[in-house]
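Trainee: Dropping the structure in here first, questions after.
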2 protein chains.
Amino acid sequence: MDIAVLGTGTVGRTLAGKLSELGHVVVVGTRDPQATIARKDADAMGNPPYAVWQAEHPAVRLAPFAEAADFGELVVVATNGSGSLDALTLAGEENLAGKVLLDVSNPLDFSQGFPPSLFVKDTDSLAEQLQRAFPAARVVKSLNTMTAAVMVDPGRVSGGEHSVFVSGDDPEAKRIVVGLLEDFGHTDVIDLGDLSTARGPEMYLPLWLRLMGCVGTPFFNIKVVR
Amino acid sequence: MDIAVLGTGTVGRTLAGKLSELGHVVVVGTRDPQATIARKDADAMGNPPYAVWQAEHPAVRLAPFAEAADFGELVVVATNGSGSLDALTLAGEENLAGKVLLDVSNPLDFSQGFPPSLFVKDTDSLAEQLQRAFPAARVVKSLNTMTAAVMVDPGRVSGGEHSVFVSGDDPEAKRIVVGLLEDFGHTDVIDLGDLSTARGPEMYLPLWLRLMGCVGTPFFNIKVVR
């Protein structure tokens, strides 16, 4: 499949790399490719500059948001949550119409420090905001409940014995996303229902963040036992 | 231990019954014991009237909130979340001072129907509200992330292979609560940290509510795998 991954941080790189490895043709979208490639310093999380990652992944092309979105049959929103709406606006409504929009971003507000609060919650969600802004896109929320490395390699935590959620209004779009999740190795995919159910996984983040502190590593997940 | 359980609904009855069975002396607190006993109809959840339960649990005494709280060394807040602060106000600051206050309630607002929203969240929590209102009490949040029957009998879901959280500012109060959790059969008790971490388990409720819809039963829980 032709896939656009919007975002050049850890989440974007991890998803782009894995999707490419699985045989998909991947274009990573960014605001300004030349500026992204020109960066020489590690980012705030200590990750090496994008150019280093790019050199290791020659099959993945970097392009402006709009070009990437135009290319992809499926578009992954892997920006910081605070930048998701901007990135999609730059991607362009016409390049998103009819596309599966896999939103893995979280509405985290770090403006008051750590732990972050949520800039949308409870009676609304970031996924619903994106869907309202781009009604012709087919938004599916998933994967936002775990760290990037676990998204694409669930087996590295407890042999993959844990759960992942999907929310969305379009059954076919969800089916396509579930196929990708299974390709990543997820074995317990829980369809929560329509897109409003994305409020649940997004509001789980405050618990996730505290658990990360207790467990001492982001390499954990939850398993729904029943 | 002498324990007060505030609340006569499913959660209160379930906890009171189990604590009594474990050998604790339990007094259930309610606003007006005579009115509680006089009710002849099933409640909104279809539970039989309290008098029926009372007849089956003669060792558990029913008393006004203040009398129950005065009696208990440990006070369990098992009211509807919207009634927690009122119940504690009626219990009386002098009867709560120095006591372990185990808050299992959730800040659910059903005024707009189902699913409920949360009347406090994100930068505050119900547990913190209770602690601020009764600074001499030692509030511990726990057990709010599962249905009542699973709180006291974790083994009924997946042999007990799942997790329970505790949050609180007082280490000794948390130690006492963890002891009760272990007596109930919980084997994976995760200490999230200070009382502000209760925001996490409280904000997990929207996901819990949607999962209940998917799983088709409230008899499930999450296990933190790492």
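Going through the structure tokens in order, the chains are called A, B, and so on, while each chain numbers its residues from 1 and the ligands are numbered from 1 in the order shown.
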Counting only C-alpha atoms, what is within 9 Å of Asp70 in chain B, bar same-chain residues fewer than 3 positions away, as a short mmCIF file (atom, residue, chain, number, x, y, z; two decimals) with N, CA and C atoms, in the first residue's frame?

Mentor:
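As a result, selection_12.cif now contains:
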data_model
loop_
_atom_site.label_atom_id
_atom_site.label_comp_id
_atom_site.auth_asym_id
_atom_site.auth_seq_id
_atom_site.Cartn_x
_atom_site.Cartn_y
_atom_site.Cartn_z
N ALA B 4 -15.78 1.51 58.56
CA ALA B 4 -17.02 2.13 58.11
C ALA B 4 -17.05 2.09 56.58
N PHE B 65 -24.19 8.36 58.67
CA PHE B 65 -22.80 8.57 58.22
C PHE B 65 -21.87 8.92 59.39
N ALA B 66 -22.30 9.84 60.25
CA ALA B 66 -21.41 10.32 61.32
C ALA B 66 -21.10 9.20 62.31
N GLU B 67 -22.10 8.43 62.65
CA GLU B 67 -21.89 7.34 63.62
C GLU B 67 -20.97 6.27 63.02
N GLU B 73 -11.99 2.78 62.06
CA GLU B 73 -10.58 3.21 62.01
C GLU B 73 -10.24 3.52 60.55
N ALA B 91 -20.54 12.91 57.48
CA ALA B 91 -19.75 12.05 58.37
C ALA B 91 -19.05 12.90 59.43
N GLY B 92 -18.64 14.10 59.02
CA GLY B 92 -18.07 15.03 59.99
C GLY B 92 -16.56 15.01 60.04
N GLU B 94 -14.53 15.84 62.30
CA GLU B 94 -13.93 15.32 63.55
C GLU B 94 -13.91 13.80 63.55
N ASN B 95 -14.83 13.18 62.79
CA ASN B 95 -14.87 11.71 62.74
C ASN B 95 -13.94 11.14 61.67
N LEU B 96 -13.36 12.02 60.86
CA LEU B 96 -12.48 11.57 59.77
C LEU B 96 -11.01 11.86 60.07
#

Trainee: Need the shell around Tyr204 in chain B: protein/DNA/RNA residues with any atom at most 9 Å away, counting only C-alpha atoms. Skip same-chain ones fewer than 5 positions apart. Format as number ranges by chain?

Mentor: A: 200-201, 203-207; B: 145, 199, 209

Trainee: Near chain B, meaning an atom within 8 Å, which residues of chain A appear when counting only C-alpha atoms? Write them as a PyMOL selection string.

Mentor: chain A and resi 117-118+122-123+157-158+161-162+190-193+197+199-201+203-208+210-211+213-215+219-226

Trainee: Could you dump the residues just selected with C-alpha atoms as a CSV table (one decimal), in the first residue's frame?

Mentor:
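Generated output (part_38.csv):
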chain,number,residue,atom,x,y,z
A,117,SER,CA,-2.7,17.7,30.7
A,118,LEU,CA,-5.1,17.0,27.8
A,122,ASP,CA,-14.2,13.8,28.1
A,123,THR,CA,-17.0,15.1,25.8
A,157,VAL,CA,6.5,-6.7,25.8
A,158,SER,CA,5.4,-10.0,27.4
A,161,GLU,CA,0.2,-10.7,25.3
A,162,HIS,CA,-1.5,-7.3,25.5
A,190,ILE,CA,-10.4,-4.5,20.5
A,191,ASP,CA,-12.9,-2.6,18.3
A,192,LEU,CA,-14.3,-0.1,20.8
A,193,GLY,CA,-16.9,1.2,18.4
A,197,THR,CA,-15.0,5.9,21.7
A,199,ARG,CA,-12.1,9.5,24.1
A,200,GLY,CA,-11.4,6.4,26.2
A,201,PRO,CA,-8.0,5.6,24.9
A,203,MET,CA,-8.1,9.7,28.4
A,204,TYR,CA,-6.1,6.7,29.4
A,205,LEU,CA,-2.9,8.7,28.7
A,206,PRO,CA,-2.6,10.2,32.2
A,207,LEU,CA,-2.7,6.6,33.7
A,208,TRP,CA,-0.1,5.5,31.0
A,210,ARG,CA,2.1,7.6,35.7
A,211,LEU,CA,2.6,3.9,35.0
A,213,GLY,CA,7.0,6.4,36.1
A,214,CYS,CA,6.2,3.3,38.2
A,215,VAL,CA,7.3,0.7,35.8
A,219,PHE,CA,8.0,-0.8,27.4
A,220,PHE,CA,4.8,-1.9,28.9
A,221,ASN,CA,1.2,-2.1,27.9
A,222,ILE,CA,-2.2,-3.2,29.3
A,223,LYS,CA,-4.0,-6.4,28.5
A,224,VAL,CA,-7.7,-6.5,28.9
A,225,VAL,CA,-8.4,-9.8,30.7
A,226,ARG,CA,-11.9,-11.3,30.7

Trainee: Write down as a count of residues only the residues belonging to range 23-171 of chain A that are assigned strand (DSSP E or B) by DSSP computed on the backbone.

Mentor: 33

Trainee: What is the distance, in Å and to one decimal place, between CA of Glu172 in chain B and CA of Ala78 in chain B?

Mentor: 21.1 Å

Trainee: Can you work out which one of B:Val77, B:Leu6, B:Val52, B:Val26 has the shortest atom-to-atom distance to Ala38 in chain B, counting only C-alpha atoms?

Mentor: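 Closest to Ala38 in chain B of all the choices is B:Val52.
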
Trainee: Residues near Ala59 in chain B, anyone? I mean within 12 Å using only C-alpha atoms, not counting same-chain ones fewer than 6 positions away, as a ChimeraX atom specification.

Mentor: /B:16-28,53

Trainee: Hey, can you spit out that residue selection with N, CA and C atoms as a PDB file, in the first residue's frame?

Mentor:
ATOM      1  N   ALA B  16     -18.693  -4.123  52.075  1.00  0.00           N
ATOM      2  CA  ALA B  16     -19.062  -4.371  53.476  1.00  0.00           C
ATOM      3  C   ALA B  16     -19.188  -5.872  53.729  1.00  0.00           C
ATOM      4  N   GLY B  17     -19.833  -6.562  52.813  1.00  0.00           N
ATOM      5  CA  GLY B  17     -20.018  -8.006  52.972  1.00  0.00           C
ATOM      6  C   GLY B  17     -18.697  -8.747  53.023  1.00  0.00           C
ATOM      7  N   LYS B  18     -17.793  -8.410  52.118  1.00  0.00           N
ATOM      8  CA  LYS B  18     -16.509  -9.103  52.063  1.00  0.00           C
ATOM      9  C   LYS B  18     -15.647  -8.769  53.285  1.00  0.00           C
ATOM     10  N   LEU B  19     -15.635  -7.497  53.674  1.00  0.00           N
ATOM     11  CA  LEU B  19     -14.821  -7.108  54.829  1.00  0.00           C
ATOM     12  C   LEU B  19     -15.324  -7.793  56.094  1.00  0.00           C
ATOM     13  N   SER B  20     -16.640  -7.914  56.216  1.00  0.00           N
ATOM     14  CA  SER B  20     -17.233  -8.604  57.364  1.00  0.00           C
ATOM     15  C   SER B  20     -16.841 -10.083  57.340  1.00  0.00           C
ATOM     16  N   GLU B  21     -16.929 -10.669  56.158  1.00  0.00           N
ATOM     17  CA  GLU B  21     -16.555 -12.080  55.985  1.00  0.00           C
ATOM     18  C   GLU B  21     -15.095 -12.321  56.368  1.00  0.00           C
ATOM     19  N   LEU B  22     -14.247 -11.302  56.125  1.00  0.00           N
ATOM     20  CA  LEU B  22     -12.822 -11.434  56.447  1.00  0.00           C
ATOM     21  C   LEU B  22     -12.549 -11.226  57.941  1.00  0.00           C
ATOM     22  N   GLY B  23     -13.608 -10.925  58.700  1.00  0.00           N
ATOM     23  CA  GLY B  23     -13.425 -10.820  60.143  1.00  0.00           C
ATOM     24  C   GLY B  23     -13.383  -9.407  60.691  1.00  0.00           C
ATOM     25  N   HIS B  24     -13.533  -8.421  59.814  1.00  0.00           N
ATOM     26  CA  HIS B  24     -13.568  -7.039  60.293  1.00  0.00           C
ATOM     27  C   HIS B  24     -14.958  -6.729  60.856  1.00  0.00           C
ATOM     28  N   VAL B  25     -15.009  -5.762  61.746  1.00  0.00           N
ATOM     29  CA  VAL B  25     -16.307  -5.310  62.257  1.00  0.00           C
ATOM     30  C   VAL B  25     -16.738  -4.118  61.408  1.00  0.00           C
ATOM     31  N   VAL B  26     -17.850  -4.280  60.709  1.00  0.00           N
ATOM     32  CA  VAL B  26     -18.222  -3.311  59.680  1.00  0.00           C
ATOM     33  C   VAL B  26     -19.529  -2.597  60.020  1.00  0.00           C
ATOM     34  N   VAL B  27     -19.502  -1.287  59.923  1.00  0.00           N
ATOM     35  CA  VAL B  27     -20.722  -0.489  60.022  1.00  0.00           C
ATOM     36  C   VAL B  27     -20.900   0.234  58.688  1.00  0.00           C
ATOM     37  N   VAL B  28     -22.077   0.066  58.089  1.00  0.00           N
ATOM     38  CA  VAL B  28     -22.384   0.763  56.845  1.00  0.00           C
ATOM     39  C   VAL B  28     -23.032   2.104  57.184  1.00  0.00           C
ATOM     40  N   TRP B  53     -30.639  -7.276  51.684  1.00  0.00           N
ATOM     41  CA  TRP B  53     -29.204  -7.526  51.899  1.00  0.00           C
ATOM     42  C   TRP B  53     -28.881  -7.529  53.391  1.00  0.00           C
TER      43      TRP B  53
END

Trainee: Which one is closest to Asn80 in chain B: B:Ala149, B:Val104, B:Ala136, B:Val177? Count only C-alpha atoms.

Mentor: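 For Asn80 in chain B, the nearest of the candidates is B:Val104.
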
Trainee: Quick one: residues within 12 Å of Pro48 in chain B, only C-alpha atoms, excluding same-chain residues fewer than 6 positions away - as a list in words?

Mentor: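 With the cut-off at 12 Å, the set is Thr8, Gly9, Thr10, Arg13, Thr36, Ile37, Arg39, Lys40, Asp41, Ala42, Gln54, Ala55 and Glu56 of chain B.
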
Trainee: Rank A:Leu130, A:Met151, A:Ala68, A:Val139 by their smallest atom-to-atom distance to Gly83 in chain A, using only C-alpha atoms, and report the top residue only.

Mentor: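 Using only C-alpha atoms, the shortest distance to Gly83 in chain A belongs to A:Leu130.
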
Trainee: Residues near Pro135 in chain B, anyone? I mean within 10 Å using only C-alpha atoms, not counting same-chain ones fewer than 6 positions away, as a PDB file with C-alpha atoms, in the first residue's frame.

Mentor:
ATOM      1  CA  GLU B  93     -14.531  16.342  59.890  1.00  0.00           C
ATOM      2  CA  LEU B  96     -12.481  11.565  59.773  1.00  0.00           C
ATOM      3  CA  ALA B  97      -9.389  13.167  61.302  1.00  0.00           C
ATOM      4  CA  GLY B  98      -6.448  10.779  61.248  1.00  0.00           C
ATOM      5  CA  GLU B 128      -7.798  15.233  45.701  1.00  0.00           C
ATOM      6  CA  GLN B 129     -11.061  17.132  46.248  1.00  0.00           C
TER       7      GLN B 129
END

Trainee: As a ChimeraX atom specification, please: every residue in range 1-213 of chain B that DSSP puts in alpha helix (DSSP H).

Mentor: /B:10-21,33-38,50-56,65-71,84-91,93-96,126-133,148-152,171-184,199-203,205-213
